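Visitor: Supplied in structure tokens, the structure appears directly below.
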Protein chains: 2
Amino acid sequence: MKKSDKHQKILNAAIKVFGQKGFFNARISDIAKEADVADGTIYLYFNNKYDILLTLFEEEIGKLITEIRAAISQKSDQREMLYIFALHHLRLVIEKKELAEVLQMELRQSGESIKEYRRTKFADYVNIISEIIRTGQENNIFRRDLKPGIIKRAFFGALDEMSRLWILNPSHKYTVEESAEAISDIFLNGIVAD
Amino acid sequence: MKKSDKHQKILNAAIKVFGQKGFFNARISDIAKEADVADGTIYLYFNNKYDILLTLFEEEIGKLITEIRAAISQKSDQREMLYIFALHHLRLVIEKKELAEVLQMELRQSGESIKEYRRTKFADYVNIISEIIRTGQENNIFRRDLKPGIIKRAFFGALDEMSRLWILNPSHKYTVEESAEAISDIFLNGIVAD
DNA sequence: AGCATAAATGAATAGGTATTCATTTGATAT
DNA sequence: ATATCAAATGAATACCTATTCATTTATGCT
């Protein structure tokens with residue numbers, strides 16, 4: 001971060017404030033104070049309050065995609081890849097708590113513009129899962145009678161719900177590794193006893 | 001519904017308006033218009049805007065729990081119970097679209113009061129799943145090395161994410177039955193090929 | 001140093017909407 | 001019919017906060 005990169009400073013403040021209060025309850029003045037900047041200054045870097053949220057999505061999910069793709073490319077077995085995805089996703093919740101809260105909440109918000117947005121950038125992130133599944137099916141590692149699209153949803157949903165638990169109740173009994181392990185185990189092998 | 005049960009009329013209107021616009025973007029006057037009632041009348045039945053949301057939760061999730069318990073009690077095999085849960089949950093999204101949207105969105109909203117609330121009423125709903133799992137484990141139908149709490153989260157999360165897809169994109173390729181079938185299949189048997 | 005340009009400030013504005021309450025309307029009983 | 005009480009109304013209030021913009025402060029150049 002440069003000597004005084006206001007753009008990033010404001011964005012970091014916004015992550016914190018949106019994460020704590022939610023988009024609608026967050027005041028511009030809260031963000032300004034957190035960023036140690038005047039209210040008006042924010043409008044030199046962003047068009048309006050909503051623009052801060054969109055930019056935040058754009059940039060932070062972008063980083064996330066890059067990171068997770070890099071981690072996955074280290075593995076050759078699609079079963080391991082699923083575990084790695086789970087691990088990274090859950091780590092985010094621990095390491096960037098506020099960002100995770102923002103994504104959790106605002107991803108569900110109503111409003112046409114954000115719905116549209118989800119269809120592009122956020123979808124890219126989740127589609128990493130279906131790519132893994134498809135490749136696994138081609139390699140005969142995964143059952144071919146299940147649609148990758150449904151597995152993708154189910155798997156992401158499982159992780160996301162686990163995140164919600166942690167955000168709500170920060171004292172988690174299980175480690176990130178245990179949880180990632182348990183969830184990928186359930187998906188790979190099922191819960192029925194042999 | 002009685003000749004003029006304003007309480008329920010307002011609640012139904014709120015479900016519709018909150019579902020369409022989200023809690024924060026919904027105006028009291030929108031709800032009033034939808035309920036065919038004066039703005040002030042709403043305050044004879046509810047303390048404030050937020051109270052409408054809470055009441056809505058209380059009453060609608062209550063109904064949901066009753067319904068789903070009744071359906072599950074018809075079955076004796078825990079594997080079938082899981083399928084039935086999935087089926088009912090997904091049906092909700094089709095049959096009561098607006099309510100599903102409200103639950104989806106507002107469940108993730110920030111704010112202490114709603115977080116506290118979730119810990120009680122909403123938890124009861126999700127705990128139906130862990131009850132099924134625990135019983136299944138006692139009957140040696142399900143693996144005993146997996147924690148019911150984690151399975152519960154994963155299963156609910158999977159269903160919830162599927163709901164989100166449908167809410168966002170109402171033209172679903174799969175029927176409710178197919179989807180409930182696919183998701184319970186994944187959880188019961190896993191995705192790894194034999 | 002002196003000038004020009006850019007960046008930052010924060011008090012004032014402007015618009016929105018939850019909530020109130022004086023008044024009207026409707027219902028019930030005598 | 002009229003008095004009494006409850007229910008409903010909706011315009012006015014009161015508050016809140018995103019955004020603007022005239023002014024101030026910092027930066028860089030000769």
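Here's how to read the names in the structure tokens: chain A, B, ... by the order shown, residue numbers from 1 in each chain, ligand numbers from 1 in the order shown.
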For chain A, which residues have at least one atom within 9 Å of chain D, if we go by only C-alpha atoms (C1' of nucleotides)? Write them as a PyMOL selection string, please.
Guide: chain A and resi 27-29+40+43+48-49
Visitor: Could you turn the residues from that selection into a file that holds N, CA, C and O atoms, as a CSV table (one decimal), in the first residue's frame?
Guide:
```
chain,number,residue,atom,x,y,z
A,27,ARG,N,-23.1,4.1,7.6
A,27,ARG,CA,-23.2,5.5,7.1
A,27,ARG,C,-21.8,5.9,6.4
A,27,ARG,O,-20.8,5.3,6.8
A,28,ILE,N,-21.9,6.7,5.4
A,28,ILE,CA,-20.8,7.2,4.8
A,28,ILE,C,-19.8,7.8,5.8
A,28,ILE,O,-18.6,7.6,5.7
A,29,SER,N,-20.3,8.5,6.7
A,29,SER,CA,-19.5,9.1,7.7
A,29,SER,C,-18.7,8.0,8.6
A,29,SER,O,-17.6,8.3,9.1
A,40,GLY,N,-16.4,14.0,2.3
A,40,GLY,CA,-16.4,14.4,0.9
A,40,GLY,C,-15.3,13.7,0.1
A,40,GLY,O,-15.5,13.5,-1.1
A,43,TYR,N,-16.1,10.8,-2.2
A,43,TYR,CA,-16.7,11.0,-3.5
A,43,TYR,C,-15.7,11.5,-4.5
A,43,TYR,O,-16.1,11.6,-5.7
A,48,ASN,N,-20.8,6.8,-5.6
A,48,ASN,CA,-21.8,6.9,-4.5
A,48,ASN,C,-21.6,5.7,-3.6
A,48,ASN,O,-20.7,4.8,-3.9
A,49,LYS,N,-22.4,5.5,-2.7
A,49,LYS,CA,-22.3,4.5,-1.7
A,49,LYS,C,-22.3,3.1,-2.3
A,49,LYS,O,-21.5,2.2,-2.0
```
Visitor: Write down, as a PyMOL selection string, each residue of chain A that has any atom within 8 Å of an atom of chain B, counting only C-alpha atoms.
Guide: chain A and resi 20-22+24+104-105+108-111+115+140-144+146+150-151+153-162+168+179+182-183+186-194
Visitor: Can I get the residues of chain C within 12 Å of chain A, each with the closest pair of atoms and their distance in Å to one decimal, using only C-alpha atoms (C1' of nucleotides), sorted chain first then ascending number, as JSON lines?
Guide:
```
{"residue": "C:DA6", "atom": "C1'", "partner": "A:Leu44", "partner_atom": "CA", "distance": 11.6}
{"residue": "C:DA7", "atom": "C1'", "partner": "A:Thr41", "partner_atom": "CA", "distance": 8.7}
{"residue": "C:DA8", "atom": "C1'", "partner": "A:Thr41", "partner_atom": "CA", "distance": 6.2}
{"residue": "C:DT9", "atom": "C1'", "partner": "A:Ala38", "partner_atom": "CA", "distance": 6.0}
{"residue": "C:DG10", "atom": "C1'", "partner": "A:Ala38", "partner_atom": "CA", "distance": 6.9}
{"residue": "C:DA11", "atom": "C1'", "partner": "A:Gly40", "partner_atom": "CA", "distance": 10.8}
```
Visitor: Using only C-alpha atoms (C1' of nucleotides), please write the residues we just selected to a file, as a short mmCIF file (atom, residue, chain, number, x, y, z; two decimals), in the first residue's frame.
Guide:
```cif
data_model
loop_
_atom_site.label_atom_id
_atom_site.label_comp_id
_atom_site.auth_asym_id
_atom_site.auth_seq_id
_atom_site.Cartn_x
_atom_site.Cartn_y
_atom_site.Cartn_z
"C1'" DA C 6 -4.72 19.06 -7.62
"C1'" DA C 7 -6.49 17.01 -3.47
"C1'" DA C 8 -9.02 17.26 0.62
"C1'" DT C 9 -12.25 19.21 3.77
"C1'" DG C 10 -16.73 19.40 6.29
"C1'" DA C 11 -20.67 22.36 6.91
#
```
Visitor: One number please: atom CA of A:Ile129 to atom CA of A:Gln78, in Å, one decimal.
Guide: 10.0 Å
Visitor: What's the 8 Å shell around B:Ile31, counting only C-alpha atoms (C1' of nucleotides), without same-chain residues fewer than 5 positions away, as a list in words?
Guide: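 Once the adjacent positions are removed, what remains is Ile10, Ala13, Ala14, Val17 and Ala26 of chain B.
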